$ cat run.txt   # compact mmCIF, C-alpha atoms
# COMPACT_ATOMS: atom_id res chain seq x y z
CA MET P 1 48.33 190.78 174.77
CA PRO P 2 47.54 193.85 172.64
CA PRO P 3 48.11 193.32 168.93
CA GLY P 4 50.79 196.00 168.86
CA ASN P 5 52.90 193.95 171.28
CA ILE P 6 52.82 190.75 169.26
CA LEU P 7 56.24 189.66 168.12
CA ARG P 8 56.02 188.67 164.48
CA VAL P 9 58.51 186.07 163.37
CA GLY P 10 59.13 185.81 159.65
CA ILE P 11 59.79 182.38 158.23
CA PRO P 12 62.11 182.64 155.26
CA ALA P 13 60.75 181.22 152.04
CA VAL P 14 62.32 177.99 150.95
CA GLY P 15 64.47 178.72 147.93
CA PRO P 16 65.21 176.48 144.98
CA SER P 17 67.10 173.35 145.95
CA PHE P 18 67.93 169.85 144.79
CA ARG P 19 65.74 168.46 147.56
CA GLY P 20 62.86 170.67 146.42
CA ALA P 21 63.20 169.43 142.84
CA LEU P 22 63.36 165.77 143.91
CA ALA P 23 60.33 166.32 146.16
CA ARG P 24 58.28 166.57 142.96
CA ARG P 25 57.32 162.95 142.42
CA ASP P 26 57.10 163.22 138.64
CA PHE P 27 60.54 164.76 138.33
CA SER P 28 62.13 162.23 140.68
CA LEU P 29 60.70 159.41 138.52
CA LEU P 30 62.19 161.00 135.41
CA PHE P 31 65.53 161.62 137.13
CA PHE P 32 66.08 158.10 138.47
CA GLY P 33 64.90 156.57 135.20
CA GLN P 34 67.32 158.73 133.23
CA LEU P 35 70.15 157.94 135.65
CA SER P 36 69.58 154.29 134.81
CA SER P 37 69.53 154.84 131.06
CA GLU P 38 72.59 157.14 131.14
CA ILE P 39 74.61 154.37 132.77
CA GLY P 40 73.37 152.15 129.94
CA ASN P 41 74.44 154.76 127.40
CA GLY P 42 77.92 154.77 128.88
CA LEU P 43 78.06 150.98 128.59
CA VAL P 44 77.00 151.13 124.93
CA GLN P 45 79.75 153.62 124.09
CA LEU P 46 82.17 151.04 125.43
CA ALA P 47 80.54 147.96 123.90
CA LEU P 48 79.87 149.18 120.35
CA PRO P 49 83.50 149.64 119.29
CA TRP P 50 84.43 146.20 120.61
CA LEU P 51 81.50 144.53 118.85
CA VAL P 52 82.25 146.21 115.51
CA LEU P 53 85.92 145.29 115.73
CA GLN P 54 85.06 141.76 116.81
CA LEU P 55 82.73 141.28 113.83
CA THR P 56 84.80 143.04 111.16
CA GLY P 57 88.35 143.63 112.42
CA SER P 58 88.25 146.84 110.36
CA ALA P 59 89.15 150.35 111.53
CA PHE P 60 87.16 151.74 108.58
CA GLN P 61 84.05 149.86 109.72
CA LEU P 62 84.54 151.30 113.21
CA GLY P 63 84.69 154.82 111.79
CA PHE P 64 81.62 154.09 109.68
CA ALA P 65 79.73 152.99 112.79
CA TYR P 66 80.42 156.36 114.43
CA PHE P 67 79.37 158.11 111.22
CA ILE P 68 76.05 156.26 111.29
CA GLN P 69 75.59 157.39 114.88
CA PHE P 70 75.56 161.05 113.81
CA LEU P 71 73.84 160.70 110.43
CA PRO P 72 70.19 160.77 111.66
CA MET P 73 70.82 164.06 113.47
CA LEU P 74 71.98 165.62 110.22
CA LEU P 75 69.14 164.13 108.17
CA PHE P 76 66.11 164.99 110.28
CA GLY P 77 67.13 166.36 113.66
CA ILE P 78 65.06 169.55 113.38
CA VAL P 79 61.96 167.70 112.17
CA GLY P 80 61.81 165.57 115.33
CA GLY P 81 60.76 168.60 117.36
CA VAL P 82 57.63 169.06 115.23
CA PHE P 83 56.34 165.65 116.28
CA VAL P 84 57.39 166.18 119.90
CA ASP P 85 55.18 169.29 120.02
CA ARG P 86 52.28 167.34 118.51
CA TRP P 87 52.63 164.18 120.60
CA ASP P 88 52.37 163.55 124.33
CA ARG P 89 55.94 164.12 125.63
CA ARG P 90 55.68 161.57 128.41
CA LEU P 91 54.43 158.84 126.07
CA THR P 92 57.06 159.79 123.48
CA ILE P 93 59.87 159.16 125.98
CA PHE P 94 58.19 155.95 127.18
CA ILE P 95 57.88 154.54 123.63
CA VAL P 96 61.40 155.61 122.62
CA ASP P 97 62.99 153.96 125.66
CA GLY P 98 60.85 150.86 125.17
CA VAL P 99 62.00 150.48 121.57
CA ARG P 100 65.60 151.11 122.62
CA ALA P 101 65.30 148.34 125.22
CA ILE P 102 64.06 145.84 122.64
CA ALA P 103 66.73 146.86 120.11
CA PHE P 104 69.71 146.46 122.45
CA ILE P 105 68.41 143.27 124.03
CA SER P 106 68.05 141.86 120.49
CA VAL P 107 71.76 142.55 119.82
CA GLY P 108 72.84 140.72 122.97
CA ALA P 109 70.48 137.80 122.41
CA ILE P 110 71.40 137.30 118.74
CA TYR P 111 75.10 137.51 119.60
CA TYR P 112 74.80 134.61 122.04
CA PHE P 113 73.10 132.54 119.30
CA ASP P 114 76.15 133.30 117.14
CA ALA P 115 73.96 134.98 114.52
CA LEU P 116 74.84 138.68 114.93
CA THR P 117 75.82 140.45 111.71
CA VAL P 118 77.39 143.84 111.24
CA GLY P 119 74.30 144.85 109.23
CA HIS P 120 72.07 144.21 112.26
CA LEU P 121 74.45 146.17 114.45
CA TYR P 122 74.45 149.13 112.07
CA SER P 123 70.64 149.02 111.95
CA VAL P 124 70.42 149.23 115.73
CA ILE P 125 72.95 152.09 115.84
CA PHE P 126 70.97 154.01 113.19
CA LEU P 127 67.66 153.30 114.96
CA GLU P 128 68.98 154.45 118.35
CA ALA P 129 70.39 157.65 116.84
CA THR P 130 67.09 158.31 115.04
CA LEU P 131 65.09 157.86 118.23
CA ALA P 132 67.37 160.36 119.97
CA ASN P 133 65.90 163.03 117.66
CA PHE P 134 62.60 162.54 119.48
CA PHE P 135 63.92 161.70 122.93
CA ASN P 136 66.21 164.72 123.50
CA PRO P 137 63.69 167.47 122.63
CA ALA P 138 60.88 165.60 124.40
CA ARG P 139 62.85 165.40 127.64
CA ALA P 140 63.96 169.04 127.43
CA ALA P 141 60.38 170.16 126.72
CA LEU P 142 58.94 167.97 129.50
CA MET P 143 61.16 169.29 132.30
CA PRO P 144 59.31 172.61 132.86
CA ASN P 145 56.05 170.62 133.04
CA LEU P 146 57.31 168.53 135.98
CA VAL P 147 58.86 171.22 138.21
CA ASP P 148 57.93 174.83 138.83
CA GLU P 149 60.12 177.64 137.52
CA GLU P 150 61.80 178.10 140.90
CA HIS P 151 63.21 174.57 140.89
CA LEU P 152 63.98 174.32 137.17
CA ARG P 153 67.68 175.16 137.57
CA PRO P 154 68.35 172.50 140.24
CA ALA P 155 66.33 170.03 138.17
CA ASN P 156 68.42 170.72 135.06
CA SER P 157 71.55 170.45 137.18
CA LEU P 158 70.52 167.01 138.44
CA MET P 159 69.79 165.83 134.90
CA GLU P 160 73.26 166.96 133.81
CA VAL P 161 74.78 165.13 136.79
CA SER P 162 72.91 161.93 135.88
CA ARG P 163 74.49 162.05 132.43
CA HIS P 164 78.01 162.50 133.79
CA ILE P 165 77.60 159.89 136.53
CA GLY P 166 76.51 157.42 133.87
CA PHE P 167 79.65 157.99 131.85
CA LEU P 168 81.81 158.01 134.99
CA ALA P 169 80.44 154.73 136.36
CA ALA P 170 80.04 152.85 133.09
CA PRO P 171 83.65 152.45 131.84
CA PRO P 172 85.10 150.65 134.91
CA ALA P 173 82.00 148.49 135.34
CA GLY P 174 81.78 147.87 131.61
CA GLY P 175 85.45 146.96 131.37
CA VAL P 176 84.99 144.22 133.96
CA MET P 177 81.85 142.94 132.20
CA VAL P 178 83.54 142.87 128.79
CA ALA P 179 86.43 140.87 130.25
CA LEU P 180 84.16 138.39 132.05
CA LEU P 181 81.11 138.10 129.79
CA GLY P 182 81.96 139.71 126.46
CA PRO P 183 80.70 142.95 124.89
CA ALA P 184 77.25 141.57 124.06
CA ALA P 185 76.48 141.32 127.78
CA LEU P 186 76.67 145.11 127.92
CA MET P 187 73.95 145.30 125.29
CA LEU P 188 71.67 143.15 127.44
CA VAL P 189 72.36 145.34 130.47
CA ASP P 190 71.79 148.48 128.42
CA GLY P 191 68.45 147.14 127.22
CA ALA P 192 67.48 146.53 130.84
CA THR P 193 68.40 150.10 131.82
CA PHE P 194 66.25 151.52 129.03
CA LEU P 195 63.39 149.28 130.17
CA ILE P 196 63.71 150.67 133.71
CA SER P 197 63.68 154.20 132.30
CA ALA P 198 60.57 153.47 130.22
CA LEU P 199 58.70 152.11 133.25
CA THR P 200 59.57 155.07 135.48
CA VAL P 201 58.49 157.56 132.81
CA PHE P 202 55.23 155.65 132.31
CA ALA P 203 54.55 156.09 136.05
CA ILE P 204 54.72 159.90 135.80
CA GLY P 205 51.37 161.40 136.74
CA TRP P 206 51.54 164.55 134.60
CA ARG P 207 49.29 164.52 131.56
CA GLN P 208 49.71 166.78 128.57
CA PRO P 209 46.72 169.07 127.94
CA ARG P 210 44.82 168.53 124.72
CA ARG P 211 45.79 170.92 121.95
CA GLU P 212 44.16 171.81 118.70
CA GLN P 213 46.31 170.36 115.93
CA ALA P 214 45.96 170.82 112.19
CA GLN P 215 45.05 167.47 110.63
CA ALA P 216 46.66 166.33 107.39
CA ASP P 217 44.65 165.31 104.33
CA GLY P 218 47.05 162.82 102.81
CA TRP P 219 50.81 162.42 102.89
CA LEU P 220 51.54 165.48 100.73
CA HIS P 221 49.58 167.75 103.05
CA ALA P 222 51.33 166.10 106.02
CA MET P 223 54.73 167.00 104.57
CA VAL P 224 53.56 170.58 104.05
CA LEU P 225 52.40 170.75 107.69
CA VAL P 226 55.71 169.38 108.97
CA ALA P 227 57.65 171.91 106.90
CA SER P 228 55.39 174.74 108.06
CA GLN P 229 55.66 173.83 111.74
CA THR P 230 59.42 173.39 111.44
CA GLY P 231 59.51 176.93 110.09
CA GLU P 232 57.47 178.11 113.10
CA GLY P 233 60.15 176.74 115.42
CA LEU P 234 62.87 178.54 113.49
CA ARG P 235 60.85 181.75 113.57
CA ALA P 236 60.50 181.41 117.35
CA ILE P 237 64.29 181.42 117.58
CA LYS P 238 64.45 184.40 115.25
CA ARG P 239 62.10 186.36 117.55
CA SER P 240 64.13 185.75 120.73
CA ARG P 241 67.64 187.06 121.21
CA LEU P 242 68.25 184.65 124.10
CA LEU P 243 67.24 181.66 122.00
CA GLN P 244 69.61 182.82 119.29
CA VAL P 245 72.39 183.07 121.87
CA ALA P 246 71.66 179.57 123.22
CA VAL P 247 71.75 178.01 119.74
CA PHE P 248 74.84 180.04 118.79
CA LEU P 249 76.59 178.89 121.96
CA GLY P 250 75.70 175.27 121.34
CA PHE P 251 76.87 175.41 117.74
CA GLY P 252 80.03 177.40 118.42
CA LEU P 253 81.24 175.42 121.42
CA ASN P 254 80.61 172.04 119.80
CA LEU P 255 82.58 173.28 116.80
CA ILE P 256 85.35 174.58 119.07
CA VAL P 257 85.41 172.44 122.23
CA ALA P 258 84.15 169.03 121.09
CA PRO P 259 87.25 168.43 118.88
CA ILE P 260 89.34 168.26 122.05
CA GLN P 261 88.11 164.66 122.24
CA VAL P 262 90.25 164.02 119.15
CA LEU P 263 93.24 166.02 120.42
CA LEU P 264 93.34 164.52 123.92
CA PRO P 265 94.71 161.05 123.09
CA LEU P 266 97.17 162.64 120.65
CA PHE P 267 98.25 165.04 123.40
CA VAL P 268 98.83 162.12 125.78
CA ARG P 269 100.82 160.13 123.24
CA ASP P 270 102.79 162.80 121.37
CA VAL P 271 103.25 165.63 123.88
CA LYS P 272 103.30 163.91 127.27
CA HIS P 273 104.59 160.55 125.98
CA ALA P 274 102.29 158.85 128.48
CA ASP P 275 100.09 155.77 128.33
CA ALA P 276 96.38 154.97 128.56
CA SER P 277 96.35 155.29 132.35
CA TYR P 278 97.22 159.01 132.08
CA PHE P 279 94.51 159.42 129.44
CA GLY P 280 92.04 157.81 131.85
CA LEU P 281 93.17 160.19 134.59
CA LEU P 282 92.47 163.20 132.34
CA VAL P 283 89.02 161.90 131.41
CA GLY P 284 88.23 161.16 135.06
CA ALA P 285 89.25 164.71 136.06
CA LEU P 286 87.01 166.11 133.32
CA LEU P 287 84.01 164.06 134.47
CA LEU P 288 84.56 165.03 138.10
CA GLY P 289 84.68 168.69 137.07
CA LEU P 290 81.49 168.26 135.03
CA ILE P 291 79.64 166.88 138.04
CA VAL P 292 80.88 169.61 140.42
CA GLY P 293 80.18 172.37 137.89
CA SER P 294 76.66 171.08 137.24
CA LEU P 295 75.88 170.89 140.97
CA ALA P 296 77.26 174.39 141.63
CA ALA P 297 75.45 176.00 138.68
CA PRO P 298 72.07 176.73 140.36
CA ALA P 299 73.65 178.56 143.32
CA ASN P 300 76.02 180.49 141.06
CA ALA P 301 73.17 181.43 138.73
CA ARG P 302 71.19 182.82 141.68
CA ARG P 303 74.13 185.04 142.60
CA ILE P 304 75.16 186.37 139.20
CA GLY P 305 72.37 185.40 136.80
CA LEU P 306 72.14 182.74 134.10
CA GLY P 307 73.49 184.98 131.36
CA ARG P 308 76.60 185.99 133.27
CA LEU P 309 77.16 182.41 134.39
CA ALA P 310 77.19 181.31 130.75
CA THR P 311 79.50 184.17 129.78
CA TYR P 312 82.02 183.63 132.59
CA SER P 313 82.02 179.87 131.95
CA VAL P 314 82.90 180.36 128.28
CA LEU P 315 85.65 182.87 129.10
CA ALA P 316 87.13 180.57 131.77
CA LEU P 317 86.99 177.65 129.35
CA GLY P 318 88.85 179.64 126.71
CA VAL P 319 91.66 180.58 129.11
CA ILE P 320 92.00 176.99 130.39
CA ILE P 321 92.18 175.51 126.89
CA CYS P 322 94.83 178.04 125.83
CA ILE P 323 97.22 177.21 128.67
CA ALA P 324 96.39 173.58 129.52
CA ALA P 325 98.78 171.95 127.04
CA TRP P 326 101.95 173.91 127.84
CA PRO P 327 103.11 173.03 131.41
CA PRO P 328 105.91 170.44 131.18
CA THR P 329 104.81 168.21 134.07
CA LEU P 330 101.89 165.76 134.14
CA TRP P 331 99.66 167.22 136.87
CA PRO P 332 98.77 170.71 135.53
CA PRO P 333 96.75 169.25 132.60
CA VAL P 334 94.82 167.07 135.08
CA VAL P 335 93.88 170.16 137.12
CA ALA P 336 93.07 172.00 133.88
CA MET P 337 90.71 169.22 132.79
CA ALA P 338 88.88 169.36 136.13
CA LEU P 339 88.51 173.14 135.83
CA ALA P 340 87.38 172.84 132.20
CA GLY P 341 84.79 170.26 133.26
CA GLY P 342 83.49 172.64 135.91
CA ALA P 343 83.09 175.40 133.32
CA VAL P 344 81.33 173.10 130.83
CA GLY P 345 79.02 171.70 133.53
CA SER P 346 77.95 175.20 134.59
CA LEU P 347 77.54 176.25 130.97
CA ASN P 348 75.34 173.27 130.09
CA VAL P 349 72.93 173.98 132.96
CA ALA P 350 72.78 177.70 132.06
CA GLN P 351 72.18 176.97 128.37
CA THR P 352 69.44 174.43 129.00
CA THR P 353 67.58 176.70 131.44
CA LEU P 354 67.84 179.70 129.10
CA LEU P 355 66.47 177.57 126.29
CA GLN P 356 63.52 176.29 128.32
CA GLY P 357 62.66 179.68 129.78
CA SER P 358 62.76 181.62 126.51
CA THR P 359 60.07 179.77 124.57
CA THR P 360 56.43 178.81 124.94
CA ASP P 361 55.34 175.33 125.97
CA GLU P 362 53.77 174.80 122.54
CA GLU P 363 57.05 175.51 120.70
CA ARG P 364 59.57 174.08 123.17
CA GLY P 365 60.00 170.76 121.37
CA ARG P 366 60.80 172.36 118.02
CA VAL P 367 63.18 174.88 119.56
CA SER P 368 64.95 172.12 121.53
CA ALA P 369 65.26 169.99 118.40
CA THR P 370 66.88 172.89 116.53
CA TYR P 371 69.29 173.35 119.42
CA TYR P 372 70.29 169.68 119.52
CA THR P 373 70.70 169.59 115.73
CA ALA P 374 72.96 172.64 115.80
CA THR P 375 75.04 171.31 118.69
CA LEU P 376 75.34 167.60 117.90
CA GLY P 377 75.08 167.83 114.11
CA VAL P 378 78.21 169.93 113.80
CA ARG P 379 80.41 167.49 115.71
CA PRO P 380 81.34 165.12 112.84
CA PHE P 381 82.62 168.06 110.80
CA SER P 382 84.59 169.51 113.71
CA PHE P 383 86.17 166.09 114.32
CA LEU P 384 87.20 165.82 110.67
CA ILE P 385 88.63 169.35 110.57
CA ILE P 386 90.68 169.04 113.74
CA GLY P 387 91.84 165.54 112.80
CA ALA P 388 93.20 166.86 109.50
CA ALA P 389 94.82 169.85 111.23
CA ALA P 390 96.50 167.59 113.81
CA GLU P 391 98.39 165.88 110.99
CA VAL P 392 100.37 169.05 110.23
CA VAL P 393 100.13 171.38 113.28
CA ASP P 394 101.61 170.99 116.75
CA ILE P 395 98.89 169.79 119.16
CA ARG P 396 99.68 172.57 121.65
CA PHE P 397 99.10 175.27 119.05
CA LEU P 398 95.76 173.70 118.17
CA PHE P 399 94.75 173.96 121.84
CA VAL P 400 95.67 177.66 121.75
CA ALA P 401 93.68 178.18 118.55
CA LEU P 402 90.58 176.49 119.98
CA GLY P 403 90.90 178.34 123.28
CA SER P 404 91.22 181.67 121.47
CA LEU P 405 88.04 180.96 119.52
CA ALA P 406 86.24 180.16 122.79
CA LEU P 407 87.49 183.46 124.23
CA ALA P 408 86.14 185.25 121.15
CA VAL P 409 82.72 183.66 121.76
CA GLY P 410 82.85 184.73 125.42
CA MET P 411 83.77 188.29 124.48
CA ALA P 412 80.84 188.39 122.05
CA LEU P 413 78.52 187.36 124.90
CA THR P 414 79.74 190.26 127.05
CA LYS P 415 78.38 192.66 124.43
CA SER P 416 74.82 191.31 124.61
CA ASP P 417 72.49 193.24 126.93
CA GLU P 418 69.95 190.39 126.78
CA VAL P 419 72.53 187.92 128.07
CA LYS P 420 73.59 190.26 130.89
CA ALA P 421 69.95 190.68 131.96
CA ALA P 422 69.08 186.96 131.85
CA HIS P 423 68.34 185.56 135.31
$ encode --input "run.txt" --output "structure tokens"
Amino acid sequence: MPPGNILRVGIPAVGPSFRGALARRDFSLLFFGQLSSEIGNGLVQLALPWLVLQLTGSAFQLGFAYFIQFLPMLLFGIVGGVFVDRWDRRLTIFIVDGVRAIAFISVGAIYYFDALTVGHLYSVIFLEATLANFFNPARAALMPNLVDEEHLRPANSLMEVSRHIGFLAAPPAGGVMVALLGPAALMLVDGATFLISALTVFAIGWRQPRREQAQADGWLHAMVLVASQTGEGLRAIKRSRLLQVAVFLGFGLNLIVAPIQVLLPLFVRDVKHADASYFGLLVGALLLGLIVGSLAAPANARRIGLGRLATYSVLALGVIICIAAWPPTLWPPVVAMALAGGAVGSLNVAQTTLLQGSTTDEERGRVSATYYTATLGVRPFSFLIIGAAAEVVDIRFLFVALGSLALAVGMALTKSDEVKAAH
């Protein structure tokens, strides 16, 4: 047949997909390991309060335990990124999860020998929170090394889903375990989940290329190097408008949206005059929305772009928060929580991908550490502020105030040409 008569059939290129991301062996190892450890994290959030109360019977001690959980982020959250950029990211995650496994198993084991003290428990809480300063930026920096740029959005979406599934599955399973075996059993299970995560990360085949690193001559010079390289990470953010937006979003929304965790039980008790089952229904709707929003984010980002996805998610979140508390019946807030979860899930995927794509591989750890410090470090202060305000202001008006602030953040994003152009 003459060449001119040949029928040419085009085969469409395979686009980014969850299957494509999981087809990368290294990413699938990281994903399933993190799914295991996130379930463990959910169990710990349930077990820690019970253990503290069981040991001390003090509400103040319980509050102090949560304070300790956030303190390391405030003390040296940014500095962790410097070491992440100097160390092998894969081995960093492996060592962190290995130490976590030993720490939580020690709590469970000592408890069953009737020798657990509140001091030991506080030490483990502080250690775990300190290790998170290395783990979070290392994982965020490692992701683009395990999948190509095309599949980075689905990969980030799956990692978000693993976090939410962990917190969705852990409370009912953990409640049964606490009732049957006691809270210390959760610590043993959590240690096992971190051990699984460490082993899967160790099996990852990717190896970090060797880099030239400035060597310290003594501890004083080492401190100078850490300070200098921390400054380099901050300057990287200063050079990139998109990085500034990502950090601003993380800071602003944790200051504005995170306090709803404090308002929600008060809303259930004082506005709806409902019990814990209704509170559980609201939390379940939120988690379901988070999972759906995270899964839908890659497809939505392809259609409208990452920047617009982030902007629309913030605006939708602001509207939902403003109106969620006012309907007189019980079901509208449940629907509102599901919709809010969808907006937050989409926003988290967009933020993470913008952050990873707007920096170099050499600086990604420091930039990620700054982001996590700005987002998580502000939470204790936002909790304190909204808790004080809730003593004197109607809960519904506080929802409107927080929603209005979120709308203001969304409107500010609409004015940024860099955000509009981000894909």
$ closest_residue --input "run.txt" --among "P:Ser416, P:Ala296, P:Leu243, P:Val378" --to "Asn156 (chain P)" --atoms "only C-alpha atoms"
P:Ala296
$ closest_residue --input "run.txt" --among "P:Val271, P:Leu287, P:Ala138, P:Ala324" --to "His164 (chain P)" --atoms "all atoms listed in the file"
P:Leu287
$ residues_around --input "run.txt" --residues "Ala276 (chain P)" --least-positions-apart "4" --cutoff "12 Å" --atoms "all atoms listed in the file" --output "list of chain:residue names"
P:Leu264, P:Pro265, P:Leu266, P:Phe267, P:Val268, P:Arg269, P:Lys272, P:Gly280, P:Leu281, P:Leu282, P:Val283
$ residues_around --input "run.txt" --residues "Ala310 (chain P)" --least-positions-apart "5" --cutoff "8 Å" --atoms "all atoms listed in the file" --output "PyMOL selection string"
chain P and resi 346-347+350-351
$ residues_around --input "run.txt" --residues "Leu146 (chain P)" --least-positions-apart "4" --cutoff "8 Å" --atoms "all atoms listed in the file" --output "list in words"
Arg24, Asp26, Phe27, Leu142 and Trp206 of chain P
$ build_atoms --input "run.txt" --residues "region 346-373 of chain P" --atoms "N, CA and C atoms" --output "PDB file, in the frame of the given file"
ATOM      1  N   SER P 346      78.719 173.985 134.306  1.00  0.00           N
ATOM      2  CA  SER P 346      77.950 175.200 134.590  1.00  0.00           C
ATOM      3  C   SER P 346      77.297 175.737 133.330  1.00  0.00           C
ATOM      4  N   LEU P 347      78.055 175.725 132.237  1.00  0.00           N
ATOM      5  CA  LEU P 347      77.540 176.250 130.970  1.00  0.00           C
ATOM      6  C   LEU P 347      76.359 175.436 130.467  1.00  0.00           C
ATOM      7  N   ASN P 348      76.430 174.116 130.570  1.00  0.00           N
ATOM      8  CA  ASN P 348      75.340 173.270 130.090  1.00  0.00           C
ATOM      9  C   ASN P 348      74.037 173.543 130.841  1.00  0.00           C
ATOM     10  N   VAL P 349      74.130 173.697 132.170  1.00  0.00           N
ATOM     11  CA  VAL P 349      72.930 173.980 132.960  1.00  0.00           C
ATOM     12  C   VAL P 349      72.363 175.352 132.576  1.00  0.00           C
ATOM     13  N   ALA P 350      73.239 176.350 132.431  1.00  0.00           N
ATOM     14  CA  ALA P 350      72.780 177.700 132.060  1.00  0.00           C
ATOM     15  C   ALA P 350      72.120 177.691 130.690  1.00  0.00           C
ATOM     16  N   GLN P 351      72.741 177.023 129.721  1.00  0.00           N
ATOM     17  CA  GLN P 351      72.180 176.970 128.370  1.00  0.00           C
ATOM     18  C   GLN P 351      70.802 176.312 128.354  1.00  0.00           C
ATOM     19  N   THR P 352      70.707 175.164 129.009  1.00  0.00           N
ATOM     20  CA  THR P 352      69.440 174.430 129.000  1.00  0.00           C
ATOM     21  C   THR P 352      68.326 175.257 129.630  1.00  0.00           C
ATOM     22  N   THR P 353      68.606 175.913 130.755  1.00  0.00           N
ATOM     23  CA  THR P 353      67.580 176.700 131.440  1.00  0.00           C
ATOM     24  C   THR P 353      67.195 177.926 130.613  1.00  0.00           C
ATOM     25  N   LEU P 354      68.159 178.579 129.990  1.00  0.00           N
ATOM     26  CA  LEU P 354      67.840 179.700 129.100  1.00  0.00           C
ATOM     27  C   LEU P 354      66.945 179.251 127.958  1.00  0.00           C
ATOM     28  N   LEU P 355      67.251 178.102 127.403  1.00  0.00           N
ATOM     29  CA  LEU P 355      66.470 177.570 126.290  1.00  0.00           C
ATOM     30  C   LEU P 355      65.032 177.288 126.711  1.00  0.00           C
ATOM     31  N   GLN P 356      64.862 176.649 127.856  1.00  0.00           N
ATOM     32  CA  GLN P 356      63.520 176.290 128.320  1.00  0.00           C
ATOM     33  C   GLN P 356      62.705 177.511 128.717  1.00  0.00           C
ATOM     34  N   GLY P 357      63.383 178.523 129.284  1.00  0.00           N
ATOM     35  CA  GLY P 357      62.660 179.680 129.780  1.00  0.00           C
ATOM     36  C   GLY P 357      62.378 180.742 128.739  1.00  0.00           C
ATOM     37  N   SER P 358      62.900 180.581 127.529  1.00  0.00           N
ATOM     38  CA  SER P 358      62.760 181.620 126.510  1.00  0.00           C
ATOM     39  C   SER P 358      61.817 181.230 125.388  1.00  0.00           C
ATOM     40  N   THR P 359      61.013 180.193 125.599  1.00  0.00           N
ATOM     41  CA  THR P 359      60.070 179.770 124.570  1.00  0.00           C
ATOM     42  C   THR P 359      58.767 179.340 125.221  1.00  0.00           C
ATOM     43  N   THR P 360      57.726 179.243 124.426  1.00  0.00           N
ATOM     44  CA  THR P 360      56.430 178.810 124.940  1.00  0.00           C
ATOM     45  C   THR P 360      56.392 177.284 125.025  1.00  0.00           C
ATOM     46  N   ASP P 361      55.467 176.766 125.815  1.00  0.00           N
ATOM     47  CA  ASP P 361      55.340 175.330 125.970  1.00  0.00           C
ATOM     48  C   ASP P 361      54.980 174.669 124.639  1.00  0.00           C
ATOM     49  N   GLU P 362      54.218 175.363 123.805  1.00  0.00           N
ATOM     50  CA  GLU P 362      53.770 174.800 122.540  1.00  0.00           C
ATOM     51  C   GLU P 362      54.908 174.670 121.524  1.00  0.00           C
ATOM     52  N   GLU P 363      55.955 175.506 121.664  1.00  0.00           N
ATOM     53  CA  GLU P 363      57.050 175.510 120.700  1.00  0.00           C
ATOM     54  C   GLU P 363      58.341 174.903 121.253  1.00  0.00           C
ATOM     55  N   ARG P 364      58.327 174.472 122.502  1.00  0.00           N
ATOM     56  CA  ARG P 364      59.570 174.080 123.170  1.00  0.00           C
ATOM     57  C   ARG P 364      60.228 172.860 122.510  1.00  0.00           C
ATOM     58  N   GLY P 365      59.434 171.936 122.021  1.00  0.00           N
ATOM     59  CA  GLY P 365      60.000 170.760 121.370  1.00  0.00           C
ATOM     60  C   GLY P 365      60.749 171.114 120.105  1.00  0.00           C
ATOM     61  N   ARG P 366      60.149 171.972 119.274  1.00  0.00           N
ATOM     62  CA  ARG P 366      60.800 172.360 118.020  1.00  0.00           C
ATOM     63  C   ARG P 366      62.069 173.169 118.271  1.00  0.00           C
ATOM     64  N   VAL P 367      62.004 174.076 119.244  1.00  0.00           N
ATOM     65  CA  VAL P 367      63.180 174.880 119.560  1.00  0.00           C
ATOM     66  C   VAL P 367      64.302 173.980 120.101  1.00  0.00           C
ATOM     67  N   SER P 368      63.948 173.032 120.976  1.00  0.00           N
ATOM     68  CA  SER P 368      64.950 172.120 121.530  1.00  0.00           C
ATOM     69  C   SER P 368      65.568 171.252 120.442  1.00  0.00           C
ATOM     70  N   ALA P 369      64.740 170.808 119.496  1.00  0.00           N
ATOM     71  CA  ALA P 369      65.260 169.990 118.400  1.00  0.00           C
ATOM     72  C   ALA P 369      66.250 170.768 117.550  1.00  0.00           C
ATOM     73  N   THR P 370      65.948 172.045 117.295  1.00  0.00           N
ATOM     74  CA  THR P 370      66.880 172.890 116.530  1.00  0.00           C
ATOM     75  C   THR P 370      68.193 173.039 117.287  1.00  0.00           C
ATOM     76  N   TYR P 371      68.084 173.216 118.599  1.00  0.00           N
ATOM     77  CA  TYR P 371      69.290 173.350 119.420  1.00  0.00           C
ATOM     78  C   TYR P 371      70.143 172.089 119.351  1.00  0.00           C
ATOM     79  N   TYR P 372      69.522 170.923 119.528  1.00  0.00           N
ATOM     80  CA  TYR P 372      70.290 169.680 119.520  1.00  0.00           C
ATOM     81  C   TYR P 372      70.885 169.394 118.135  1.00  0.00           C
ATOM     82  N   THR P 373      70.159 169.772 117.073  1.00  0.00           N
ATOM     83  CA  THR P 373      70.700 169.590 115.730  1.00  0.00           C
ATOM     84  C   THR P 373      71.923 170.465 115.518  1.00  0.00           C
TER      85      THR P 373
END
